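Here the structure comes first, spelled out in structure tokens, and everything after it is commentary.
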Amino acid sequence: MAGFNALDRRKERDQRTKTDERKQRGKITAILPIVGISKQGYIILKSGLSTYYADVMKPEKHDLDRLTLQEADAIENGSWRFMRQYTHSVKEIFLNFPENNDVQQQYFRHLIKTTTDPFRVEQLEKELYNLQYLEQHYRKLSSWIMLFGTTPKQLEANIEDAKAKGAVYGFQPTTIAEKQLMYRLMNNPGVDTSEEEQ
């Protein structure tokens with residue numbers, strides 16, 4: 001009499017799951033299929049025979065702790081309205097991004113060079129050290145909005161459409177260096193980019 005053996009069934013299921021996971025890891029879709037950056041600064045993506053273009057925008061930041069309940073509700077409603085009205089492909093990306101305080105560090109270096117008071121120089125050097133430490137070890141959660149198009153012209157039209165329908169986001173352009181760093185962090189999670197850049 002062949003009976004039901006739960007342990008054998010569990011082993012079979014676990015084996016199938018491991019095989020499926022191995023197959024999934026090897027696919028190109030496990031990472032973004034980025035081919036390069038166009039002259040206009042758009043990301044070029046290739047999937048099979050199709051080529052797509054994308055641009056990354058920074059949404060306006062809101063400190064929800066400082067907003068009234070009505071202001072926070074207006075932002076949330078604006079976000080939902082955008083997602084319902086914008087009919088093209090959009091991706092929201094949330095990523096722990098490295099701190100960048102080079103401008104502040106330059107300012108403190110300038111103050112150190114121009115200050116003659118030794119006590120003040122010591123305080124400024126401590127602040128500069130704190131900024132350098134933050135830059136190397138601190139990550140802050142950042143959000144990005146990625147818009148897509150099949151051609152650069154269509155992408156530009158989609159960007160204008162998104163700006164018109166998504167005023168709550170206050171879309172701000174990103175530099176090519178920011179895009180490259182963002183994709184490097186997405187495709188290589190856990191890699192310390194500060195050491196990689198030096």
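Just remember, in the structure tokens the first chain shown is A, the second B, etc., residues are 1-based per chain, and ligands are 1-based in the order shown.
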
At most 6 Å is the cut-off: for each residue in range 148-186 of chain A with any atom that close to an atom of range 71-87 of chain A, write down the nearest atom pair and the distance in Å rounded to one decimal, counting only C-alpha atoms, chain first then increasing number, as a tab-separated table.
```
residue	atom	partner	partner_atom	distance
A:Lys165	CA	A:Phe82	CA	5.7
A:Gly166	CA	A:Phe82	CA	5.1
A:Val168	CA	A:Gly78	CA	5.7
```

Output file for the selection above: N, CA, C and O atoms, as a short mmCIF file (atom, residue, chain, number, x, y, z; two decimals), in the first residue's frame:
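part-v8.cif written:
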```cif
data_model
loop_
_atom_site.label_atom_id
_atom_site.label_comp_id
_atom_site.auth_asym_id
_atom_site.auth_seq_id
_atom_site.Cartn_x
_atom_site.Cartn_y
_atom_site.Cartn_z
N LYS A 165 0.87 66.28 -14.83
CA LYS A 165 -0.07 65.52 -13.99
C LYS A 165 0.44 65.28 -12.59
O LYS A 165 -0.33 64.95 -11.70
N GLY A 166 1.75 65.41 -12.39
CA GLY A 166 2.33 65.09 -11.09
C GLY A 166 2.97 66.28 -10.42
O GLY A 166 4.12 66.22 -9.99
N VAL A 168 2.61 67.40 -7.59
CA VAL A 168 2.97 67.11 -6.20
C VAL A 168 4.41 66.60 -6.09
O VAL A 168 5.08 66.79 -5.09
#
```

Original post:
Among range 3-186 of chain A, which ones does DSSP place in helix (DSSP H, G or I), written as a PyMOL selection string?
Top reply: chain A and resi 6-25+28-30+69-85+102-114+118-137+152-165+176-186

Subject >> Residue neighbourhood Glu92 in chain A, 12 Å, only C-alpha atoms, exclusion window fewer than 2 positions, as a VMD selection string >> reply: chain A and resid 55 to 59 79 83 89 to 90 94 to 95 142 to 148 169

Subject >> Nearest candidate to Leu155 in chain A (options A:His88, A:Lys179, A:Arg16, A:Arg66; using only C-alpha atoms) >> reply: A:His88

Strand (DSSP E or B) per DSSP on the backbone: members of range 8-195 of chain A, as a compact mmCIF listing (two decimals) with N, CA and C atoms, in the first residue's frame:
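Result saved to states.txt:
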```
# COMPACT_ATOMS: atom_id res chain seq x y z
N ILE A 34 20.70 47.66 -18.85
CA ILE A 34 21.15 48.97 -19.30
C ILE A 34 22.25 48.80 -20.34
N VAL A 35 22.07 49.49 -21.47
CA VAL A 35 23.05 49.41 -22.55
C VAL A 35 23.99 50.61 -22.48
N GLY A 36 23.48 51.78 -22.13
CA GLY A 36 24.30 52.97 -22.07
C GLY A 36 23.48 54.21 -21.82
N ILE A 37 24.10 55.35 -22.11
CA ILE A 37 23.44 56.64 -21.92
C ILE A 37 23.49 57.39 -23.24
N ILE A 43 18.80 57.09 -20.26
CA ILE A 43 19.27 55.73 -20.09
C ILE A 43 18.73 54.89 -21.24
N ILE A 44 19.58 54.09 -21.87
CA ILE A 44 19.16 53.20 -22.95
C ILE A 44 19.06 51.79 -22.39
N LEU A 45 17.86 51.20 -22.53
CA LEU A 45 17.60 49.84 -22.05
C LEU A 45 17.29 48.95 -23.25
N LYS A 46 17.74 47.71 -23.18
CA LYS A 46 17.48 46.77 -24.27
C LYS A 46 16.89 45.50 -23.68
N SER A 47 15.74 45.11 -24.22
CA SER A 47 15.08 43.89 -23.79
C SER A 47 14.74 43.09 -25.04
N SER A 50 13.95 44.83 -28.54
CA SER A 50 13.39 46.16 -28.32
C SER A 50 14.35 47.05 -27.54
N THR A 51 14.40 48.32 -27.93
CA THR A 51 15.19 49.31 -27.22
C THR A 51 14.25 50.32 -26.60
N TYR A 52 14.50 50.68 -25.34
CA TYR A 52 13.69 51.63 -24.62
C TYR A 52 14.58 52.72 -24.07
N TYR A 53 13.98 53.84 -23.75
CA TYR A 53 14.71 54.96 -23.15
C TYR A 53 14.04 55.29 -21.82
N ALA A 54 14.85 55.71 -20.87
CA ALA A 54 14.32 56.05 -19.55
C ALA A 54 15.05 57.27 -19.02
N ASP A 55 14.38 58.00 -18.17
CA ASP A 55 15.01 59.11 -17.47
C ASP A 55 14.62 59.01 -16.01
N VAL A 56 15.50 59.44 -15.15
CA VAL A 56 15.29 59.37 -13.72
C VAL A 56 15.12 60.79 -13.21
N MET A 57 14.06 60.99 -12.44
CA MET A 57 13.77 62.30 -11.88
C MET A 57 13.76 62.19 -10.35
N LYS A 58 14.16 63.28 -9.70
CA LYS A 58 14.09 63.32 -8.25
C LYS A 58 12.77 64.00 -7.86
N VAL A 90 5.90 53.85 -15.43
CA VAL A 90 6.61 54.61 -14.40
C VAL A 90 7.07 53.62 -13.33
N LYS A 91 8.23 53.89 -12.76
CA LYS A 91 8.76 53.04 -11.69
C LYS A 91 9.25 53.96 -10.58
N GLU A 92 8.81 53.67 -9.37
CA GLU A 92 9.32 54.40 -8.20
C GLU A 92 10.42 53.56 -7.58
N ILE A 93 11.54 54.18 -7.31
CA ILE A 93 12.70 53.48 -6.77
C ILE A 93 13.03 54.09 -5.41
N PHE A 94 13.17 53.25 -4.41
CA PHE A 94 13.58 53.68 -3.08
C PHE A 94 14.92 53.01 -2.79
N LEU A 95 15.91 53.83 -2.45
CA LEU A 95 17.27 53.31 -2.37
C LEU A 95 18.04 54.05 -1.27
N ASN A 96 18.83 53.31 -0.51
CA ASN A 96 19.72 53.95 0.46
C ASN A 96 20.90 54.54 -0.29
N PHE A 97 20.93 55.85 -0.37
CA PHE A 97 21.91 56.56 -1.19
C PHE A 97 23.00 57.12 -0.30
N PRO A 98 24.26 57.11 -0.74
CA PRO A 98 25.33 57.64 0.10
C PRO A 98 25.20 59.15 0.32
N ARG A 139 24.02 56.39 5.11
CA ARG A 139 23.18 56.23 3.93
C ARG A 139 21.81 56.80 4.26
N LYS A 140 21.23 57.53 3.32
CA LYS A 140 19.89 58.07 3.56
C LYS A 140 18.95 57.52 2.49
N LEU A 141 17.72 57.26 2.90
CA LEU A 141 16.74 56.73 1.98
C LEU A 141 16.33 57.83 1.01
N SER A 142 16.50 57.55 -0.25
CA SER A 142 16.12 58.49 -1.30
C SER A 142 15.11 57.82 -2.21
N SER A 143 14.28 58.63 -2.81
CA SER A 143 13.33 58.09 -3.77
C SER A 143 13.57 58.73 -5.13
N TRP A 144 13.30 57.96 -6.16
CA TRP A 144 13.52 58.38 -7.54
C TRP A 144 12.33 57.91 -8.36
N ILE A 145 12.04 58.62 -9.42
CA ILE A 145 10.96 58.24 -10.32
C ILE A 145 11.57 58.03 -11.69
N MET A 146 11.32 56.87 -12.25
CA MET A 146 11.88 56.51 -13.54
C MET A 146 10.75 56.50 -14.56
N LEU A 147 10.90 57.28 -15.62
CA LEU A 147 9.91 57.38 -16.68
C LEU A 147 10.47 56.75 -17.94
N PHE A 148 9.62 56.15 -18.77
CA PHE A 148 10.06 55.38 -19.92
C PHE A 148 9.43 55.88 -21.22
N GLY A 149 10.09 55.56 -22.33
CA GLY A 149 9.56 55.83 -23.66
C GLY A 149 10.26 54.93 -24.66
N GLN A 172 12.51 66.94 -10.48
CA GLN A 172 13.77 67.63 -10.67
C GLN A 172 14.70 66.70 -11.46
N PRO A 173 15.42 67.24 -12.42
CA PRO A 173 16.33 66.37 -13.21
C PRO A 173 17.51 65.88 -12.37
```

Original post:
What is the CA of Arg184 in chain A to CA of His62 in chain A distance in Å?
Top reply: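 Straight-line distance from CA of Arg184 in chain A to CA of His62 in chain A works out to 26.0 Å.
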